[in-house]
Amino acid sequence: MKKIFSFPKSLKKVPNHYCPGCGHGIVHRLITEVIDELNIREKIIAVAPVGCAVIAYDYWDFDCSEAAHGRALAVATGIKRVQPEKIVFTYQGDGDLAAIGIAETLYAANRGENLTTIFINNAVYGMTGGQMAPTTVLKQKTTTTPLGRGSNNEGPPLKVSEILAGLDGVCFVERNAVCSPAQVLKTKKAIKKAFENQLEGKGFSLVEVLSMCPTCWGKSSEEAVKWVEEEMVKSFPLGRIKG
Amino acid sequence: MAQIKINKELCKGCGLCVMYCPKGIIRRSNKLNKKGYMYVEFKKQKGIDCVGCTFCAVMCPESAIEVFKQ
Amino acid sequence: MNEKKKLSSGNEAIVHAAIYAGCKFYAGYPITPQNEIPALMSRHLGSIGGVFIQAESELAAINMVFGASAAGARAMTTSSSPGISLKQEGISYIAGAELPAVIVNMVRGGPGLGNIAPSQSDYFQATKGGGHGDYRLIVLSPASVQETFDLTVKAFDLADKYRNPVMILGDGLLAQMIEQFILPKQNRKITNQKKTWALTGAKNRSPNIIRTLFLKEGALEEHNLMLQNKYRLIEKNEISFEQYLTKDADILLVAYGTMARIVKGAVDSLRSQGIKAGLFRPISLWPFPSQALKAAANDKQKLLVVEMSYGQMLEDVKLSVAGNVSVEFLGRAGGGVPREEAIIEKVKTL
């Protein structure tokens, strides 16, 4: 028999620390699959966020830097400008990229930095235990919105992809999800495109990935994927936004 | 004819593979792995073959599934 | 190219020094009184294959420096007090990740937005931490434009040598005053450029990771102890100071930076009036020249610390002499600069 689906070379064969049913593991794998397929592992410099994926470098088998909360794209800018021939990407959650780091995100994108950003949107702060995120949807209950996010009090969720797509420096924005095999494969395709754009020097590429956080949502894995498919996409419609 | 190989020590029993297996031949087991998770098992049933669609592996957050096809 | 005499401000000297020292990356955000630095860096860095970025904030600037340094470049950011406060997060991370970087603070009056007059009120922030965690910056304090050039070049070398951030602690006066200095001939050989730890892509080696997070039990303590060992080594090797007419002095004045320039004038005046005064000037503020100061103060009647603050270095002076000599203080801040006459008058009352 021929192996038709195998463990990616750029992914370390170690158990990860994510909760059962968490989407991070899927996206970690997709990134390494793409890096293997493009044969760019030796040129990769990744920037890990602060959030659940803070130790992503324990799972990826390539060079990686930590960044302070929200500053991943400033760090990535420094790296890429010094080594423009390397392939630099950031992996950031919604709190990191869209709340505390929104200025760094907006300006790296607007400068058209030739970078790839993978943005994990799970509508909640996972690592700190389930507080409201910038992308928490209206009426969603979190530990800091016990009555549900309100449009008056907290304001509606921030649609980062749509905002960034409006900037001239940004060449590619696509929102995907990892809630079903079909969506996972679409996500992989978008991630590949985002890396190819950097290889071709096209500028800033963003792939937003709607991802499951069963633990902080208080749902089973099955309920969590359904919630992405049925509820989350209402606030965050899937598909190509730019490029 | 196809089959899958599950690394039970990486499995956390989230069940996404079970949910998306079109043939219903991946099941939750009652057994615990070293980390204390109830891992999933590939249970071939009479007359139902794995088609090698890879949905289980595609959905697996632990990269615990490899797929083989003839 | 032979050495050149140049007439320039402290700010300009920083730029000349950075380029001479092989700085290849600068990120900063405008703030008075250091704006000439980013302006000149933007003009010159590109022509030598370097990168200049005007960042969207001080936070972004210091983190760009983090990235550039992680990627192996000699990197610098400059600012003034309120901006340096904003950079503290990144400085703590740079120290924790053991990245070399040069940070210039042309100190202005505080607290808060304060004013743009010279001040030395950021001494605590510079030498005691500023950001979170048990870390140290090497802090160098120039008193002239020539020394600004020399110490900035040295700062890049020390940063690489120890994989540690180095701060040049100047002030608004030093930033703006124009003096002659000697620009050495170019083509300087830069040492410590083999950075095997830098992020360059994991080709023919295992991956390099730049991190400050250590979650495994005992790992962070071990990391801290390693940092502490490094700091002890720096304390052993990198103390610098100047003594001016201290040997036979009865009164020892202690001042650093531009304040020491004014104190030097006061010492000369006092000497001409028959009062034996001398000046001890710490150049490295961290590591602080405690032993040397203790030795210099040993046979003195009194010490007078003069600062453009309400007594920050004063505490290190007191710790150094440990009660052996009585320590007096003269200081002004918020834009106030102790005048030569006031220093002379104060000495006469001792």
# chains A, B, ... in the order shown; residues from 1 in each chain; ligands from 1

$ residues_around --residues "region 19-33 of chain A" --least-positions-apart "5" --cutoff "7 Å" --atoms "only C-alpha atoms" --output "count of residues only"
19

$ interface_residues --of "chain B" --to "chain A" --cutoff "12 Å" --atoms "only C-alpha atoms" --output "JSON, numbers by chain"
{"B": [1, 2, 3, 4, 5, 6, 7, 8, 9, 10, 11, 12, 13, 14, 15, 16, 17, 18, 19, 20, 21, 22, 34, 35, 36, 37, 38, 39, 51, 52, 53, 54, 55, 56, 57, 58, 59, 60, 61, 62, 63, 64, 65, 66, 67, 68, 69, 70]}

$ residues_around --residues "Ala101 (chain C)" --least-positions-apart "6" --cutoff "7 Å" --atoms "only C-alpha atoms" --output "PyMOL selection string"
chain C and resi 69+74-76+159+164-166

$ residues_around --residues "Phe288 (chain C)" --least-positions-apart "2" --cutoff "9 Å" --atoms "only C-alpha atoms" --output "MDAnalysis selection string"
chainID C and resid 127 139 235 239:241 282:286 290:291 316:317 320

$ write_last_selection --atoms "N, CA and C atoms" --output "mmCIF file, in the first residue's frame"
data_model
loop_
_atom_site.group_PDB
_atom_site.id
_atom_site.type_symbol
_atom_site.label_atom_id
_atom_site.label_comp_id
_atom_site.auth_asym_id
_atom_site.auth_seq_id
_atom_site.Cartn_x
_atom_site.Cartn_y
_atom_site.Cartn_z
ATOM 1 N N THR C 127 19.070 52.442 34.876
ATOM 2 C CA THR C 127 20.047 51.592 35.562
ATOM 3 C C THR C 127 19.418 50.511 36.436
ATOM 4 N N VAL C 139 24.682 50.786 30.758
ATOM 5 C CA VAL C 139 24.290 52.185 30.559
ATOM 6 C C VAL C 139 25.535 53.055 30.520
ATOM 7 N N GLU C 235 30.114 43.521 35.136
ATOM 8 C CA GLU C 235 30.567 44.346 36.266
ATOM 9 C C GLU C 235 32.088 44.262 36.431
ATOM 10 N N ILE C 239 33.492 48.523 33.767
ATOM 11 C CA ILE C 239 33.309 49.749 34.546
ATOM 12 C C ILE C 239 34.209 50.846 33.996
ATOM 13 N N SER C 240 33.645 52.025 33.812
ATOM 14 C CA SER C 240 34.473 53.147 33.362
ATOM 15 C C SER C 240 34.070 54.428 34.088
ATOM 16 N N PHE C 241 35.054 55.272 34.313
ATOM 17 C CA PHE C 241 34.824 56.523 35.048
ATOM 18 C C PHE C 241 35.985 57.464 34.769
ATOM 19 N N PRO C 282 31.230 59.046 36.961
ATOM 20 C CA PRO C 282 30.940 57.713 36.422
ATOM 21 C C PRO C 282 30.607 57.835 34.937
ATOM 22 N N ILE C 283 31.220 56.985 34.119
ATOM 23 C CA ILE C 283 30.885 56.944 32.686
ATOM 24 C C ILE C 283 29.949 55.768 32.424
ATOM 25 N N SER C 284 30.292 54.617 33.001
ATOM 26 C CA SER C 284 29.326 53.509 32.971
ATOM 27 C C SER C 284 28.443 53.692 34.205
ATOM 28 N N LEU C 285 27.153 53.917 33.954
ATOM 29 C CA LEU C 285 26.232 54.106 35.092
ATOM 30 C C LEU C 285 25.752 52.758 35.595
ATOM 31 N N TRP C 286 25.625 51.805 34.683
ATOM 32 C CA TRP C 286 25.570 50.398 35.071
ATOM 33 C C TRP C 286 26.492 49.644 34.146
ATOM 34 N N SER C 290 31.398 51.502 41.744
ATOM 35 C CA SER C 290 31.278 51.588 43.203
ATOM 36 C C SER C 290 32.623 51.519 43.917
ATOM 37 N N GLN C 291 33.437 50.512 43.537
ATOM 38 C CA GLN C 291 34.716 50.328 44.223
ATOM 39 C C GLN C 291 35.632 51.528 44.017
ATOM 40 N N ASP C 316 23.071 55.388 44.489
ATOM 41 C CA ASP C 316 24.208 54.510 44.178
ATOM 42 C C ASP C 316 25.486 55.022 44.831
ATOM 43 N N VAL C 317 25.617 56.352 44.898
ATOM 44 C CA VAL C 317 26.795 56.930 45.551
ATOM 45 C C VAL C 317 26.787 56.560 47.027
ATOM 46 N N SER C 320 27.691 53.072 47.562
ATOM 47 C CA SER C 320 29.109 52.823 47.285
ATOM 48 C C SER C 320 29.975 53.176 48.491
#

$ interface_residues --of "chain C" --to "chain A" --cutoff "9 Å" --atoms "only C-alpha atoms" --output "PyMOL selection string"
chain C and resi 24-25+27+50-51+55-57+59-73+89-90+93+97+198-204+206-213

$ select_by_dssp --residues "chain B" --states "strand (DSSP E)" --output "list in words"
Ala2, Gln3, Ile4, Lys5, Ile6, Ile26, Arg27, Arg28, Ser29, Asn30, Lys31, Leu32, Met38, Tyr39, Val40, Glu41, Phe42, Ile65, Glu66, Val67, Phe68 and Lys69 of chain B

$ select_by_dssp --residues "region 58-189 of chain A" --states "alpha helix (DSSP H)" --output "JSON list (two decimals) with N, CA and C atoms, in the first residue's frame"
[["chain", "number", "residue", "atom", "x", "y", "z"],
["A", 72, "ALA", "N", 4.14, 40.83, 16.87],
["A", 72, "ALA", "CA", 4.71, 39.87, 15.92],
["A", 72, "ALA", "C", 5.06, 40.52, 14.58],
["A", 73, "LEU", "N", 4.20, 41.40, 14.09],
["A", 73, "LEU", "CA", 4.47, 41.97, 12.77],
["A", 73, "LEU", "C", 5.55, 43.04, 12.81],
["A", 74, "ALA", "N", 5.78, 43.66, 13.96],
["A", 74, "ALA", "CA", 6.92, 44.57, 14.09],
["A", 74, "ALA", "C", 8.21, 43.75, 14.08],
["A", 75, "VAL", "N", 8.21, 42.65, 14.84],
["A", 75, "VAL", "CA", 9.38, 41.77, 14.88],
["A", 75, "VAL", "C", 9.64, 41.19, 13.47],
["A", 76, "ALA", "N", 8.57, 40.74, 12.83],
["A", 76, "ALA", "CA", 8.71, 40.16, 11.48],
["A", 76, "ALA", "C", 9.24, 41.19, 10.49],
["A", 77, "THR", "N", 8.81, 42.44, 10.65],
["A", 77, "THR", "CA", 9.30, 43.51, 9.78],
["A", 77, "THR", "C", 10.81, 43.65, 9.93],
["A", 78, "GLY", "N", 11.27, 43.66, 11.19],
["A", 78, "GLY", "CA", 12.72, 43.76, 11.45],
["A", 78, "GLY", "C", 13.48, 42.60, 10.81],
["A", 79, "ILE", "N", 12.95, 41.40, 10.96],
["A", 79, "ILE", "CA", 13.62, 40.21, 10.41],
["A", 79, "ILE", "C", 13.66, 40.27, 8.89],
["A", 80, "LYS", "N", 12.51, 40.51, 8.30],
["A", 80, "LYS", "CA", 12.41, 40.47, 6.83],
["A", 80, "LYS", "C", 13.24, 41.56, 6.16],
["A", 81, "ARG", "N", 13.27, 42.75, 6.78],
["A", 81, "ARG", "CA", 14.03, 43.84, 6.18],
["A", 81, "ARG", "C", 15.53, 43.55, 6.21],
["A", 82, "VAL", "N", 15.95, 42.83, 7.24],
["A", 82, "VAL", "CA", 17.37, 42.50, 7.36],
["A", 82, "VAL", "C", 17.72, 41.31, 6.45],
["A", 94, "ASP", "N", -6.47, 36.16, 17.59],
["A", 94, "ASP", "CA", -7.29, 37.36, 17.43],
["A", 94, "ASP", "C", -6.92, 38.46, 18.43],
["A", 102, "ILE", "N", -3.13, 45.70, 17.00],
["A", 102, "ILE", "CA", -3.81, 46.19, 15.79],
["A", 102, "ILE", "C", -2.97, 47.26, 15.07],
["A", 103, "ALA", "N", -2.25, 48.09, 15.84],
["A", 103, "ALA", "CA", -1.44, 49.13, 15.21],
["A", 103, "ALA", "C", -0.30, 48.50, 14.40],
["A", 104, "GLU", "N", 0.39, 47.53, 15.01],
["A", 104, "GLU", "CA", 1.49, 46.86, 14.31],
["A", 104, "GLU", "C", 0.98, 46.14, 13.07],
["A", 105, "THR", "N", -0.21, 45.52, 13.20],
["A", 105, "THR", "CA", -0.81, 44.79, 12.08],
["A", 105, "THR", "C", -1.12, 45.75, 10.93],
["A", 106, "LEU", "N", -1.83, 46.82, 11.28],
["A", 106, "LEU", "CA", -2.28, 47.78, 10.28],
["A", 106, "LEU", "C", -1.09, 48.40, 9.54],
["A", 107, "TYR", "N", -0.05, 48.74, 10.28],
["A", 107, "TYR", "CA", 1.07, 49.45, 9.66],
["A", 107, "TYR", "C", 1.99, 48.52, 8.87],
["A", 108, "ALA", "N", 2.18, 47.30, 9.34],
["A", 108, "ALA", "CA", 2.98, 46.35, 8.55],
["A", 108, "ALA", "C", 2.26, 46.09, 7.23],
["A", 109, "ALA", "N", 0.95, 45.93, 7.33],
["A", 109, "ALA", "CA", 0.15, 45.68, 6.12],
["A", 109, "ALA", "C", 0.19, 46.89, 5.20],
["A", 110, "ASN", "N", 0.06, 48.08, 5.78],
["A", 110, "ASN", "CA", 0.03, 49.29, 4.96],
["A", 110, "ASN", "C", 1.37, 49.60, 4.32],
["A", 160, "VAL", "N", -11.18, 42.32, 10.83],
["A", 160, "VAL", "CA", -9.82, 42.72, 10.47],
["A", 160, "VAL", "C", -9.53, 42.49, 8.99],
["A", 161, "SER", "N", -9.96, 41.34, 8.49],
["A", 161, "SER", "CA", -9.66, 41.03, 7.09],
["A", 161, "SER", "C", -10.22, 42.09, 6.15],
["A", 162, "GLU", "N", -11.46, 42.50, 6.42],
["A", 162, "GLU", "CA", -12.08, 43.51, 5.57],
["A", 162, "GLU", "C", -11.33, 44.84, 5.68],
["A", 163, "ILE", "N", -10.89, 45.16, 6.90],
["A", 163, "ILE", "CA", -10.16, 46.41, 7.11],
["A", 163, "ILE", "C", -8.84, 46.37, 6.34],
["A", 164, "LEU", "N", -8.10, 45.28, 6.49],
["A", 164, "LEU", "CA", -6.78, 45.19, 5.85],
["A", 164, "LEU", "C", -6.90, 45.13, 4.33],
["A", 165, "ALA", "N", -7.97, 44.52, 3.85],
["A", 165, "ALA", "CA", -8.15, 44.41, 2.40],
["A", 165, "ALA", "C", -8.25, 45.79, 1.75],
["A", 181, "PRO", "N", -13.55, 18.98, 6.38],
["A", 181, "PRO", "CA", -12.44, 18.63, 5.46],
["A", 181, "PRO", "C", -12.36, 19.57, 4.25],
["A", 182, "ALA", "N", -13.50, 19.91, 3.69],
["A", 182, "ALA", "CA", -13.48, 20.79, 2.50],
["A", 182, "ALA", "C", -12.89, 22.15, 2.86],
["A", 183, "GLN", "N", -13.30, 22.70, 4.01],
["A", 183, "GLN", "CA", -12.79, 24.01, 4.42],
["A", 183, "GLN", "C", -11.30, 23.94, 4.78],
["A", 184, "VAL", "N", -10.90, 22.84, 5.38],
["A", 184, "VAL", "CA", -9.48, 22.69, 5.74],
["A", 184, "VAL", "C", -8.63, 22.72, 4.47],
["A", 185, "LEU", "N", -9.10, 22.02, 3.43],
["A", 185, "LEU", "CA", -8.32, 21.99, 2.18],
["A", 185, "LEU", "C", -8.29, 23.36, 1.52],
["A", 186, "LYS", "N", -9.39, 24.10, 1.63],
["A", 186, "LYS", "CA", -9.40, 25.47, 1.11],
["A", 186, "LYS", "C", -8.41, 26.35, 1.87],
["A", 187, "THR", "N", -8.39, 26.15, 3.20],
["A", 187, "THR", "CA", -7.46, 26.92, 4.04],
["A", 187, "THR", "C", -6.03, 26.66, 3.60],
["A", 188, "LYS", "N", -5.72, 25.39, 3.35],
["A", 188, "LYS", "CA", -4.37, 25.04, 2.93],
["A", 188, "LYS", "C", -4.01, 25.73, 1.61],
["A", 189, "LYS", "N", -4.96, 25.74, 0.71],
["A", 189, "LYS", "CA", -4.73, 26.38, -0.59],
["A", 189, "LYS", "C", -4.41, 27.86, -0.40]]

$ atom_distance --atom1 "CA of Gly169 (chain A)" --atom2 "CA of Tyr29 (chain C)"
20.9 Å

$ atom_distance --atom1 "CA of Lys276 (chain C)" --atom2 "CA of Asp248 (chain C)"
7.1 Å

$ atom_distance --atom1 "CA of Thr32 (chain C)" --atom2 "CA of Gly172 (chain C)"
8.3 Å

$ residues_around --residues "Asp134 (chain C)" --least-positions-apart "6" --cutoff "10 Å" --atoms "only C-alpha atoms" --output "ChimeraX atom specification"
/C:92,95-96,128,224-225,227-228

$ residues_around --residues "Leu279 (chain C)" --least-positions-apart "5" --cutoff "12 Å" --atoms "only C-alpha atoms" --output "PDB file with N, CA and C atoms, in the first residue's frame"
ATOM      1  N   PHE C 241      35.054  55.272  34.313  1.00  0.00           N
ATOM      2  CA  PHE C 241      34.824  56.523  35.048  1.00  0.00           C
ATOM      3  C   PHE C 241      35.985  57.464  34.769  1.00  0.00           C
ATOM      4  N   GLU C 242      35.812  58.721  35.173  1.00  0.00           N
ATOM      5  CA  GLU C 242      36.878  59.709  35.035  1.00  0.00           C
ATOM      6  C   GLU C 242      37.091  60.371  36.391  1.00  0.00           C
ATOM      7  N   GLN C 243      38.347  60.592  36.755  1.00  0.00           N
ATOM      8  CA  GLN C 243      38.628  61.341  37.975  1.00  0.00           C
ATOM      9  C   GLN C 243      39.342  62.624  37.583  1.00  0.00           C
ATOM     10  N   TYR C 244      38.893  63.727  38.116  1.00  0.00           N
ATOM     11  CA  TYR C 244      39.470  65.027  37.800  1.00  0.00           C
ATOM     12  C   TYR C 244      39.867  65.714  39.106  1.00  0.00           C
ATOM     13  N   LEU C 245      41.165  65.846  39.297  1.00  0.00           N
ATOM     14  CA  LEU C 245      41.719  66.510  40.489  1.00  0.00           C
ATOM     15  C   LEU C 245      41.186  65.912  41.793  1.00  0.00           C
ATOM     16  N   THR C 246      41.091  64.600  41.820  1.00  0.00           N
ATOM     17  CA  THR C 246      40.506  63.972  43.010  1.00  0.00           C
ATOM     18  C   THR C 246      41.544  63.646  44.079  1.00  0.00           C
ATOM     19  N   LYS C 247      42.793  63.451  43.665  1.00  0.00           N
ATOM     20  CA  LYS C 247      43.799  62.909  44.596  1.00  0.00           C
ATOM     21  C   LYS C 247      43.959  63.736  45.873  1.00  0.00           C
ATOM     22  N   ASP C 248      44.164  65.024  45.679  1.00  0.00           N
ATOM     23  CA  ASP C 248      44.411  65.868  46.855  1.00  0.00           C
ATOM     24  C   ASP C 248      43.156  66.616  47.308  1.00  0.00           C
ATOM     25  N   ALA C 249      42.027  66.247  46.732  1.00  0.00           N
ATOM     26  CA  ALA C 249      40.808  67.018  47.023  1.00  0.00           C
ATOM     27  C   ALA C 249      40.284  66.752  48.437  1.00  0.00           C
ATOM     28  N   ASP C 250      39.708  67.787  49.038  1.00  0.00           N
ATOM     29  CA  ASP C 250      39.013  67.620  50.317  1.00  0.00           C
ATOM     30  C   ASP C 250      37.537  67.318  50.074  1.00  0.00           C
ATOM     31  N   ILE C 251      37.008  68.008  49.082  1.00  0.00           N
ATOM     32  CA  ILE C 251      35.595  67.822  48.721  1.00  0.00           C
ATOM     33  C   ILE C 251      35.541  67.093  47.382  1.00  0.00           C
ATOM     34  N   LEU C 252      34.797  65.994  47.360  1.00  0.00           N
ATOM     35  CA  LEU C 252      34.674  65.241  46.111  1.00  0.00           C
ATOM     36  C   LEU C 252      33.273  65.440  45.545  1.00  0.00           C
ATOM     37  N   LEU C 253      33.217  66.018  44.360  1.00  0.00           N
ATOM     38  CA  LEU C 253      31.924  66.172  43.701  1.00  0.00           C
ATOM     39  C   LEU C 253      31.704  64.978  42.776  1.00  0.00           C
ATOM     40  N   VAL C 254      30.463  64.492  42.740  1.00  0.00           N
ATOM     41  CA  VAL C 254      30.134  63.349  41.881  1.00  0.00           C
ATOM     42  C   VAL C 254      29.009  63.767  40.945  1.00  0.00           C
ATOM     43  N   ALA C 255      29.277  63.640  39.664  1.00  0.00           N
ATOM     44  CA  ALA C 255      28.262  63.991  38.664  1.00  0.00           C
ATOM     45  C   ALA C 255      28.554  63.210  37.399  1.00  0.00           C
ATOM     46  N   TYR C 256      27.521  63.034  36.555  1.00  0.00           N
ATOM     47  CA  TYR C 256      27.729  62.314  35.290  1.00  0.00           C
ATOM     48  C   TYR C 256      27.139  63.116  34.135  1.00  0.00           C
ATOM     49  N   MET C 259      26.027  67.216  33.213  1.00  0.00           N
ATOM     50  CA  MET C 259      26.108  67.826  34.546  1.00  0.00           C
ATOM     51  C   MET C 259      27.561  67.876  35.011  1.00  0.00           C
ATOM     52  N   ALA C 260      28.305  66.812  34.672  1.00  0.00           N
ATOM     53  CA  ALA C 260      29.713  66.750  35.082  1.00  0.00           C
ATOM     54  C   ALA C 260      30.536  67.856  34.412  1.00  0.00           C
ATOM     55  N   ARG C 261      30.108  68.280  33.212  1.00  0.00           N
ATOM     56  CA  ARG C 261      30.809  69.385  32.533  1.00  0.00           C
ATOM     57  C   ARG C 261      30.717  70.652  33.368  1.00  0.00           C
ATOM     58  N   ILE C 262      29.514  70.891  33.871  1.00  0.00           N
ATOM     59  CA  ILE C 262      29.287  72.104  34.667  1.00  0.00           C
ATOM     60  C   ILE C 262      30.037  71.998  35.989  1.00  0.00           C
ATOM     61  N   VAL C 263      30.006  70.796  36.562  1.00  0.00           N
ATOM     62  CA  VAL C 263      30.700  70.578  37.830  1.00  0.00           C
ATOM     63  C   VAL C 263      32.211  70.779  37.651  1.00  0.00           C
ATOM     64  N   LYS C 264      32.731  70.365  36.518  1.00  0.00           N
ATOM     65  CA  LYS C 264      34.163  70.535  36.236  1.00  0.00           C
ATOM     66  C   LYS C 264      34.537  72.020  36.277  1.00  0.00           C
ATOM     67  N   GLY C 265      33.674  72.828  35.695  1.00  0.00           N
ATOM     68  CA  GLY C 265      33.880  74.279  35.738  1.00  0.00           C
ATOM     69  C   GLY C 265      33.885  74.788  37.170  1.00  0.00           C
ATOM     70  N   ALA C 266      32.968  74.248  37.969  1.00  0.00           N
ATOM     71  CA  ALA C 266      32.879  74.648  39.376  1.00  0.00           C
ATOM     72  C   ALA C 266      34.130  74.233  40.133  1.00  0.00           C
ATOM     73  N   VAL C 267      34.633  73.022  39.823  1.00  0.00           N
ATOM     74  CA  VAL C 267      35.856  72.532  40.476  1.00  0.00           C
ATOM     75  C   VAL C 267      37.015  73.491  40.178  1.00  0.00           C
ATOM     76  N   ASP C 268      37.140  73.887  38.915  1.00  0.00           N
ATOM     77  CA  ASP C 268      38.209  74.822  38.525  1.00  0.00           C
ATOM     78  C   ASP C 268      38.077  76.143  39.286  1.00  0.00           C
ATOM     79  N   LEU C 270      36.534  76.688  42.131  1.00  0.00           N
ATOM     80  CA  LEU C 270      36.802  76.463  43.555  1.00  0.00           C
ATOM     81  C   LEU C 270      38.305  76.368  43.820  1.00  0.00           C
ATOM     82  N   ARG C 271      38.991  75.653  42.927  1.00  0.00           N
ATOM     83  CA  ARG C 271      40.448  75.513  43.068  1.00  0.00           C
ATOM     84  C   ARG C 271      41.121  76.891  43.015  1.00  0.00           C
ATOM     85  N   LEU C 293      34.788  54.552  43.305  1.00  0.00           N
ATOM     86  CA  LEU C 293      34.261  55.715  44.011  1.00  0.00           C
ATOM     87  C   LEU C 293      34.550  55.602  45.508  1.00  0.00           C
ATOM     88  N   ALA C 296      38.100  56.473  45.986  1.00  0.00           N
ATOM     89  CA  ALA C 296      38.337  57.905  45.784  1.00  0.00           C
ATOM     90  C   ALA C 296      37.781  58.726  46.944  1.00  0.00           C
ATOM     91  N   ALA C 297      36.698  58.226  47.544  1.00  0.00           N
ATOM     92  CA  ALA C 297      36.020  58.980  48.606  1.00  0.00           C
ATOM     93  C   ALA C 297      36.645  58.749  49.978  1.00  0.00           C
ATOM     94  N   LYS C 300      38.193  61.677  51.903  1.00  0.00           N
ATOM     95  CA  LYS C 300      37.568  62.980  51.674  1.00  0.00           C
ATOM     96  C   LYS C 300      36.722  63.406  52.872  1.00  0.00           C
ATOM     97  N   LEU C 303      31.297  64.427  50.353  1.00  0.00           N
ATOM     98  CA  LEU C 303      30.948  64.187  48.957  1.00  0.00           C
ATOM     99  C   LEU C 303      29.751  65.069  48.611  1.00  0.00           C
ATOM    100  N   LEU C 304      29.752  65.613  47.424  1.00  0.00           N
ATOM    101  CA  LEU C 304      28.576  66.346  46.958  1.00  0.00           C
ATOM    102  C   LEU C 304      28.146  65.765  45.612  1.00  0.00           C
ATOM    103  N   VAL C 305      26.969  65.210  45.591  1.00  0.00           N
ATOM    104  CA  VAL C 305      26.412  64.667  44.352  1.00  0.00           C
ATOM    105  C   VAL C 305      25.571  65.756  43.695  1.00  0.00           C
ATOM    106  N   VAL C 306      25.832  66.000  42.414  1.00  0.00           N
ATOM    107  CA  VAL C 306      25.073  67.018  41.683  1.00  0.00           C
ATOM    108  C   VAL C 306      24.382  66.358  40.488  1.00  0.00           C
TER     109      VAL C 306
END
